[in-house]
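Have a look at the structure below before the remarks.
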Amino acid sequence: MTVHDPRTGRARLAGRFVWHYIEMVVAMSLGMLLLGLVWGAVLPGDLRFEVSTLIMAADMTIGMAVWMRVRRHGRAAIGEMSLAMFAPFLVLLVPYWFGALPGHLVMSIGHTLMFVLMAVAMLWRREEYLHRHHRLRVPWKWVRWAAVVPAVLLIPASVSAVNTIGKFGDMYRARPDAVSARPVARAHDPAKPTVAFLVGGKGANAADLLGPYEVLAGTGRVNTYVVSAGSRLVPLTGGLDIVPDLTFDELTRLMRERGDSLDAVVIPALQPPDPAESASIGAWLRQQSAAGALTVSVCTGARTLAASGLLDGRPATSHWLRLSGLRKDFGEVRWTSGTRYVDDGNVITTAGVLSGVEGGLRIIERLLDADTARAAAQRVHWRHYVPGRAAQIPEAALEPSDVVVALNASYQTGPSTIGVQLTEGVGELELASAFVSYTEYSMVGHTVAVGDGVIRSKHGLTFVPRSTVAAAGLDRLLVPGLDAARRHPAVTAGPRPEYLHADPEFAFDPVLRDLARTYDVQTARFAAKTLEYPVLDVKLTGSAWPWSATLVPVLLALLGGALTVAAGMVSRRLRARRPDPLDAPAPEEPPVVPAPMGKPPKNG
């Protein structure tokens with residue numbers, strides 16, 4: 001006779017109860033993680049605290065409810081557990097709205113109450129968790145489809161990964177050859193304000209740098225220099241290499257010799273520098289600010305400025321797509337959105353990319369006067385200048401239609417290798433428009449600077465091409481610059497040159513029209529959105545959507561499905577040909593030979 005120890009039975013029940021609790025904690029965590037990734041891709045990063053809190057609670061509740069359904073729990077148990085998880089946050093947000101409870105306490109108290117109420121809900125319906133066996137039964141067809149779906153998506157995913165990594169990797173790739181070039185020597189006038197434009201060794205955004213540079217240099221009333229921590233060739237967006245005018249030490253020596261001081265520093269978006277260079281940049285920025293220089297960041301140049309500590313406790317802005325990351329990394333800064341720039345005394349921060357043009361105009365207002373700023377805006381055909389104050393701009397966010405950039409990065413079938421001809425005297429904004437628009441802000445292709453030698457831009461910057469037209473293997477050849485369109489410089493090889501700037505207008509307008517015409521309108525609109533440039537008065541005509549880039553992944557998925565089906569058919573055929581030992585005929589037994597009969601015994 002077997003004797004059961006009641007203590008062993010109770011321990012087993014307690015273990016089952018605890019295991020159910022652990023399962024649901026894991027399920028809610030996965031729900032928060034996976035659904036959080038989805039919302040992060042489609043929702044704006046700067047949601048109000050209460051909205052993001054309720055979304056987080058809903059994500060956890062959905063993950064837990066799905067798992068309980070898979071485990072075949074009843075609807076009542078699922079409803080009670082969902083209420084236990086969601087209700088604490090909903091209740092705690094009421095005192096938060098009235099200012100009685102700070103956000104961090106809403107999160108900490110809400111999670112504590114949630115875990116307690118989950119255990120209470122399980123004890124309330126303990127038969128559901130102690131004695132009923134909710135076995136995990138996964139139908140075989142689910143397993144089969146779980147194997148087929150990744151196989152079908154393998155080819156389009158692989159093509160997407162290769163193309164996307166290649167395009168992003170090429171944008172700021174340093175040139176492979178060792179080329180040296182000297183910048184143009186220019187006279188320094190101590191009577192004029194001096195503005196330094198910072199670049200990093202790993203690269204800088206071409207539009208962030210060249211937009212405000214042309215605005216300021218074009219006045220003829222400012223000393224402008226591109227400076228770096230070390231003397232080297234610096235890559236700008238899309239394969240454009242610039243020679244900095246001065247190193248930090250050379251600028252310091254120049255200022256000392258001329259009895260002058262730096263009036264402003266402009267910081268574009270920099271590719272993350274090496275730790276040593278990053279420390280040097282931070283120290284240099286703090287030194288210039290302490291000496292009285294105005295520090296101005298453009299777009300995500302705000303990250304470099306914030307890392308220096310100069311934004312701590314101050315209002316600031318940046319590109320709408322990067323604000324959520326900046327809020328997370330630099331919580332002591334009062335980040336804001338919906339404005340072209342934030343002027344906070346000796347620090348100015350601008351919104352995304354072409355907001356740097358407005359930042360340059362604000363520097364002119366501060367260092368010179370409003371009339372000079374107005375004339376500078378007219379000179380570059382910037383139609384959105386508001387004298388004396390920052391213009392309000394839409395608070396942009398990611399939308400479903402923005403998937404166009406992922407399609408372009410992954411599957412664009414249009415002309416993708418684009419040469420940009422460097423010509424003497426090209427405008428800085430004209431040059432920037434050709435390099436950033438087709439790469440970082442639309443992802444339709446690679447650009448490469450082509451030419452026969454070092455060139456000087458309209459206001460004295462030095463650029464070095466990476467290839468000749470004949471050697472580059474181009475699909476298109478673009479020639480930026482109004483002067484180039486008028487002169488038609490001779491091009492003896494490669495595709496037919498296309499002159500981007502045929503009329504006096506803002507440099508990005510014809511480029512956006514070309515994007516719409518050559519690729520599609522939605523791509524041009526996304527480029528304008530990420531440039532933070534309004535295009536309501538820019539007529540964009542062309543295909544409404546990148547249909548060919550949309551069709552490519554569908555065809556690749558069908559190919560993956562066909563290969564999967566074919567592999568399954570081959571596998572089944574091979575199994576059918578393989579003999580099954582259970583089906584083999586039994587060996588025949590040898591016939592039984594009767595023993596010979598002996599002679600009958602004799603009578604007598």
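Residues are referred to by chain and number: the chain letter is A, B, ... according to the order shown in the structure tokens, the number counts from 1 in that chain, and ligands are numbered separately from 1 in the order shown.
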List every residue of region 329-440 of chain A that has an atom at most 8 Å from any atom of region 455-464 of chain A, and for each one report the closest atom pair and its distance in Å to one decimal, counting only C-alpha atoms, with rows sorted by chain and then by increasing residue number, as CSV.
residue,atom,partner,partner_atom,distance
A:Leu422,CA,A:Ile455,CA,6.9
A:Thr423,CA,A:Ile455,CA,6.5
A:Glu424,CA,A:Ile455,CA,5.2
A:Gly425,CA,A:Lys458,CA,4.2
A:Val426,CA,A:Ser457,CA,5.0
A:Gly427,CA,A:Lys458,CA,5.0
A:Glu428,CA,A:Ser457,CA,6.5
Can those selected residues be exported to a file as a PDB file, in the first residue's frame so that it contains N, CA, C and O atoms?
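The file below, part-v6.pdb, is the result:
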ATOM      1  N   LEU A 422      31.888  68.122 -59.194  1.00  0.00           N
ATOM      2  CA  LEU A 422      32.364  69.302 -58.470  1.00  0.00           C
ATOM      3  C   LEU A 422      32.908  70.316 -59.470  1.00  0.00           C
ATOM      4  O   LEU A 422      33.783  69.986 -60.274  1.00  0.00           O
ATOM      5  N   THR A 423      32.396  71.541 -59.416  1.00  0.00           N
ATOM      6  CA  THR A 423      32.847  72.589 -60.329  1.00  0.00           C
ATOM      7  C   THR A 423      33.293  73.806 -59.534  1.00  0.00           C
ATOM      8  O   THR A 423      32.751  74.091 -58.450  1.00  0.00           O
ATOM      9  N   GLU A 424      34.246  74.502 -60.051  1.00  0.00           N
ATOM     10  CA  GLU A 424      34.797  75.668 -59.377  1.00  0.00           C
ATOM     11  C   GLU A 424      33.714  76.726 -59.157  1.00  0.00           C
ATOM     12  O   GLU A 424      32.932  77.030 -60.051  1.00  0.00           O
ATOM     13  N   GLY A 425      33.655  77.248 -57.930  1.00  0.00           N
ATOM     14  CA  GLY A 425      32.729  78.328 -57.615  1.00  0.00           C
ATOM     15  C   GLY A 425      31.312  77.887 -57.302  1.00  0.00           C
ATOM     16  O   GLY A 425      30.417  78.731 -57.199  1.00  0.00           O
ATOM     17  N   VAL A 426      31.072  76.593 -57.120  1.00  0.00           N
ATOM     18  CA  VAL A 426      29.717  76.121 -56.821  1.00  0.00           C
ATOM     19  C   VAL A 426      29.289  76.653 -55.462  1.00  0.00           C
ATOM     20  O   VAL A 426      30.086  76.772 -54.523  1.00  0.00           O
ATOM     21  N   GLY A 427      27.999  76.977 -55.335  1.00  0.00           N
ATOM     22  CA  GLY A 427      27.467  77.457 -54.057  1.00  0.00           C
ATOM     23  C   GLY A 427      27.429  76.339 -53.028  1.00  0.00           C
ATOM     24  O   GLY A 427      27.191  75.170 -53.351  1.00  0.00           O
ATOM     25  N   GLU A 428      27.649  76.710 -51.775  1.00  0.00           N
ATOM     26  CA  GLU A 428      27.699  75.695 -50.717  1.00  0.00           C
ATOM     27  C   GLU A 428      26.343  75.012 -50.520  1.00  0.00           C
ATOM     28  O   GLU A 428      26.277  73.787 -50.350  1.00  0.00           O
TER      29      GLU A 428
END
Which parts of region 374-488 of chain A does DSSP call strand (DSSP E) when run on the backbone here, written out as a ChimeraX atom specification?
/A:417-421,446-450,455-456,462-464,476-479
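Comparing the minimum interatomic distances between Val266 (chain A) and each of A:Arg362, A:His104, A:Arg517, A:His381, counting only C-alpha atoms, we find that A:Arg362 sits nearest.
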At a cut-off of 9 Å, using only C-alpha atoms, what residues contact Val552 (chain A)? Leave out same-chain residues fewer than 6 positions from it and give the result as an MDAnalysis selection string.
chainID A and resid 156 411:413
Dump as an mmCIF file, in the first residue's frame, selection limited to N, CA and C atoms:
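This went into part.cif:
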data_model
loop_
_atom_site.group_PDB
_atom_site.id
_atom_site.type_symbol
_atom_site.label_atom_id
_atom_site.label_comp_id
_atom_site.auth_asym_id
_atom_site.auth_seq_id
_atom_site.Cartn_x
_atom_site.Cartn_y
_atom_site.Cartn_z
ATOM 1 N N PRO A 156 13.779 38.279 -49.097
ATOM 2 C CA PRO A 156 13.593 39.738 -49.036
ATOM 3 C C PRO A 156 14.294 40.377 -47.842
ATOM 4 N N TYR A 411 15.007 48.280 -51.525
ATOM 5 C CA TYR A 411 14.649 47.693 -52.816
ATOM 6 C C TYR A 411 14.565 48.685 -53.972
ATOM 7 N N GLN A 412 15.107 49.883 -53.825
ATOM 8 C CA GLN A 412 14.987 50.878 -54.886
ATOM 9 C C GLN A 412 15.573 50.348 -56.199
ATOM 10 N N THR A 413 14.794 50.436 -57.265
ATOM 11 C CA THR A 413 15.237 49.927 -58.572
ATOM 12 C C THR A 413 15.656 51.041 -59.525
#
Write out as a list in words each polymer residue whose atoms come within 9 Å of Tyr225 (chain A), counting only C-alpha atoms; drop sequence neighbours fewer than 5 positions from it.
Thr194, Val195, Ala196, Phe197, Leu198, Tyr213, Pro244, Asp245, Leu246, Leu251 and Leu461 of chain A
